[in-house]
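Chemist: Pasting a structure below so you can have a look.
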Amino acid sequence: MSTRSIAHLVVLAVIATLLAGCSSTTPGGTTSAGKPLQLRLVISSTAGTCSAPAVTSDSPASACDNAGTTTYELARPLGTITPVSVVLAKDQGSAHSVTLELNKADAGTLGDVSREAVDKHLAIVLDGRVLSAPLVQEPLTRAR
């Protein structure tokens, strides 16, 4: 299995972690609670400096990652979740991981959306920027 595939599995495993009422912050990470995250399929991506404006509508759009180093072409949102907390770990080597604390309804939405996204990249969009776009290899239907 390639390093990139392993990194995607790690991201998916971390995203699927459903915590029960207690949020935590990874040292070196950032936390954002209460903001909605859009879940969108990635149509294509291009490495290099990105100058696309933040996504502000539900239409297909171009979006940058947080570092401004990748441009994503995104489809319409498949769903929106509002996690209790979002932790973006920065000290994970070359792989970035996102940990979400979700309520039961949002966990169900993530499961439904991930079923539609199997074998595709699913962008997690916060404030109009792509936090992560892992390859979904199986539906995220249970806590890990």
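All residue names refer to the structure tokens as shown: chains lettered A, B, ... in order, residues numbered from 1 in each chain, ligands numbered from 1 in order.
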Just list as a list of chain:residue names whatever in range 66-127 of chain A DSSP marks as alpha helix (DSSP H).

Modeler: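 Alpha helix (DSSP H) members of range 66-127 of chain A, listed: A:Lys104, A:Ala105, A:Asp106, A:Ala107, A:Gly108, A:Thr109, A:Leu110, A:Gly111, A:Asp112, A:Val113, A:Ser114, A:Arg115, A:Glu116.
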
Chemist: If we count only C-alpha atoms, what is near range 80-84 of chain A at a cut-off of 8 Å, once residues fewer than 3 positions away on the same chain are taken out, given as a PyMOL selection string?

Modeler: chain A and resi 23+33-39+77+100-103+106+109-110

Chemist: Store the residues of this selection in a file with C-alpha atoms, as an mmCIF file, in the first residue's frame.

Modeler:
data_model
loop_
_atom_site.group_PDB
_atom_site.id
_atom_site.type_symbol
_atom_site.label_atom_id
_atom_site.label_comp_id
_atom_site.auth_asym_id
_atom_site.auth_seq_id
_atom_site.Cartn_x
_atom_site.Cartn_y
_atom_site.Cartn_z
ATOM 1 C CA SER A 23 -13.220 17.707 23.053
ATOM 2 C CA ALA A 33 -16.089 24.745 17.201
ATOM 3 C CA GLY A 34 -19.600 25.372 15.994
ATOM 4 C CA LYS A 35 -18.833 26.266 12.369
ATOM 5 C CA PRO A 36 -20.493 24.258 9.619
ATOM 6 C CA LEU A 37 -18.355 22.031 7.418
ATOM 7 C CA GLN A 38 -19.430 21.353 3.865
ATOM 8 C CA LEU A 39 -18.758 17.914 2.435
ATOM 9 C CA PRO A 77 -22.238 20.021 -1.306
ATOM 10 C CA LEU A 100 -14.142 15.938 14.340
ATOM 11 C CA GLU A 101 -16.363 15.626 17.365
ATOM 12 C CA LEU A 102 -19.879 14.988 16.041
ATOM 13 C CA ASN A 103 -23.331 14.621 17.464
ATOM 14 C CA ASP A 106 -24.078 14.712 12.031
ATOM 15 C CA THR A 109 -24.916 12.634 7.711
ATOM 16 C CA LEU A 110 -21.216 11.809 7.439
#

Chemist: How close does range 38-71 of chain A get to range 122-135 of chain A? List, as JSON lines, each residue of range 38-71 of chain A within 6 Å, its nearest atom pair and the distance in Å to one decimal, counting only C-alpha atoms.

Modeler:
{"residue": "A:Gln38", "atom": "CA", "partner": "A:Val125", "partner_atom": "CA", "distance": 5.0}
{"residue": "A:Leu39", "atom": "CA", "partner": "A:Ile124", "partner_atom": "CA", "distance": 5.1}
{"residue": "A:Arg40", "atom": "CA", "partner": "A:Ala123", "partner_atom": "CA", "distance": 5.1}
{"residue": "A:Leu41", "atom": "CA", "partner": "A:Leu122", "partner_atom": "CA", "distance": 4.7}
{"residue": "A:Val42", "atom": "CA", "partner": "A:Leu122", "partner_atom": "CA", "distance": 5.9}
{"residue": "A:Ala54", "atom": "CA", "partner": "A:Gly128", "partner_atom": "CA", "distance": 4.2}
{"residue": "A:Val55", "atom": "CA", "partner": "A:Gly128", "partner_atom": "CA", "distance": 4.1}
{"residue": "A:Ala63", "atom": "CA", "partner": "A:Arg129", "partner_atom": "CA", "distance": 5.9}
{"residue": "A:Cys64", "atom": "CA", "partner": "A:Arg129", "partner_atom": "CA", "distance": 5.5}
{"residue": "A:Asp65", "atom": "CA", "partner": "A:Val130", "partner_atom": "CA", "distance": 4.5}
{"residue": "A:Asn66", "atom": "CA", "partner": "A:Arg129", "partner_atom": "CA", "distance": 6.0}

Chemist: Suppose we keep N, CA and C atoms; can you now write the selection as an mmCIF file, in the first residue's frame?

Modeler:
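Resulting contents of out38.cif:
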data_model
loop_
_atom_site.group_PDB
_atom_site.id
_atom_site.type_symbol
_atom_site.label_atom_id
_atom_site.label_comp_id
_atom_site.auth_asym_id
_atom_site.auth_seq_id
_atom_site.Cartn_x
_atom_site.Cartn_y
_atom_site.Cartn_z
ATOM 1 N N GLN A 38 -18.807 21.917 5.063
ATOM 2 C CA GLN A 38 -19.430 21.353 3.865
ATOM 3 C C GLN A 38 -18.652 20.118 3.450
ATOM 4 N N LEU A 39 -19.366 19.135 2.950
ATOM 5 C CA LEU A 39 -18.758 17.914 2.435
ATOM 6 C C LEU A 39 -19.051 17.882 0.937
ATOM 7 N N ARG A 40 -17.982 17.976 0.119
ATOM 8 C CA ARG A 40 -18.143 18.071 -1.332
ATOM 9 C C ARG A 40 -17.217 17.083 -2.027
ATOM 10 N N LEU A 41 -17.681 16.507 -3.133
ATOM 11 C CA LEU A 41 -16.809 15.673 -3.940
ATOM 12 C C LEU A 41 -15.810 16.554 -4.671
ATOM 13 N N VAL A 42 -14.592 16.041 -4.798
ATOM 14 C CA VAL A 42 -13.549 16.736 -5.547
ATOM 15 C C VAL A 42 -13.624 16.261 -6.994
ATOM 16 N N ALA A 54 -12.623 32.325 -1.328
ATOM 17 C CA ALA A 54 -13.305 31.371 -0.457
ATOM 18 C C ALA A 54 -14.668 31.037 -1.046
ATOM 19 N N VAL A 55 -15.056 29.770 -0.952
ATOM 20 C CA VAL A 55 -16.353 29.320 -1.454
ATOM 21 C C VAL A 55 -17.447 29.902 -0.570
ATOM 22 N N ALA A 63 -11.760 26.065 -4.993
ATOM 23 C CA ALA A 63 -11.385 26.421 -3.626
ATOM 24 C C ALA A 63 -9.930 26.076 -3.384
ATOM 25 N N CYS A 64 -9.313 26.830 -2.490
ATOM 26 C CA CYS A 64 -7.924 26.584 -2.098
ATOM 27 C C CYS A 64 -7.886 25.760 -0.825
ATOM 28 N N ASP A 65 -6.754 25.077 -0.613
ATOM 29 C CA ASP A 65 -6.529 24.480 0.692
ATOM 30 C C ASP A 65 -6.059 25.592 1.622
ATOM 31 N N ASN A 66 -5.937 25.304 2.903
ATOM 32 C CA ASN A 66 -5.537 26.338 3.870
ATOM 33 C C ASN A 66 -4.168 26.924 3.584
#

Chemist: If you count only C-alpha atoms, which residues fall within 10 Å of Glu116 in chain A, apart from same-chain ones fewer than 3 positions away, as a PyMOL selection string?

Modeler: chain A and resi 41+78+111-113+119-120+122+136+138-139

Chemist: Using only C-alpha atoms, pick whichever of A:Glu73, A:Gly68, A:Ser114, A:Ala61 has the shortest atom-to-atom distance to Ser45 in chain A.

Modeler: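 Under the stated criterion, the closest residue is A:Glu73.
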
Chemist: Calculate how many Å separate CA of Ala105 in chain A from CA of Ala117 in chain A, rounding to one decimal.

Modeler: 18.6 Å

Chemist: Would you mind telling me which residue in A:Pro53, A:Thr99, A:Ala47, A:Gly79 lies nearest to Arg115 in chain A when using only C-alpha atoms?

Modeler: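 Of A:Pro53, A:Thr99, A:Ala47, A:Gly79, the one nearest Arg115 in chain A is A:Gly79, counting only C-alpha atoms.
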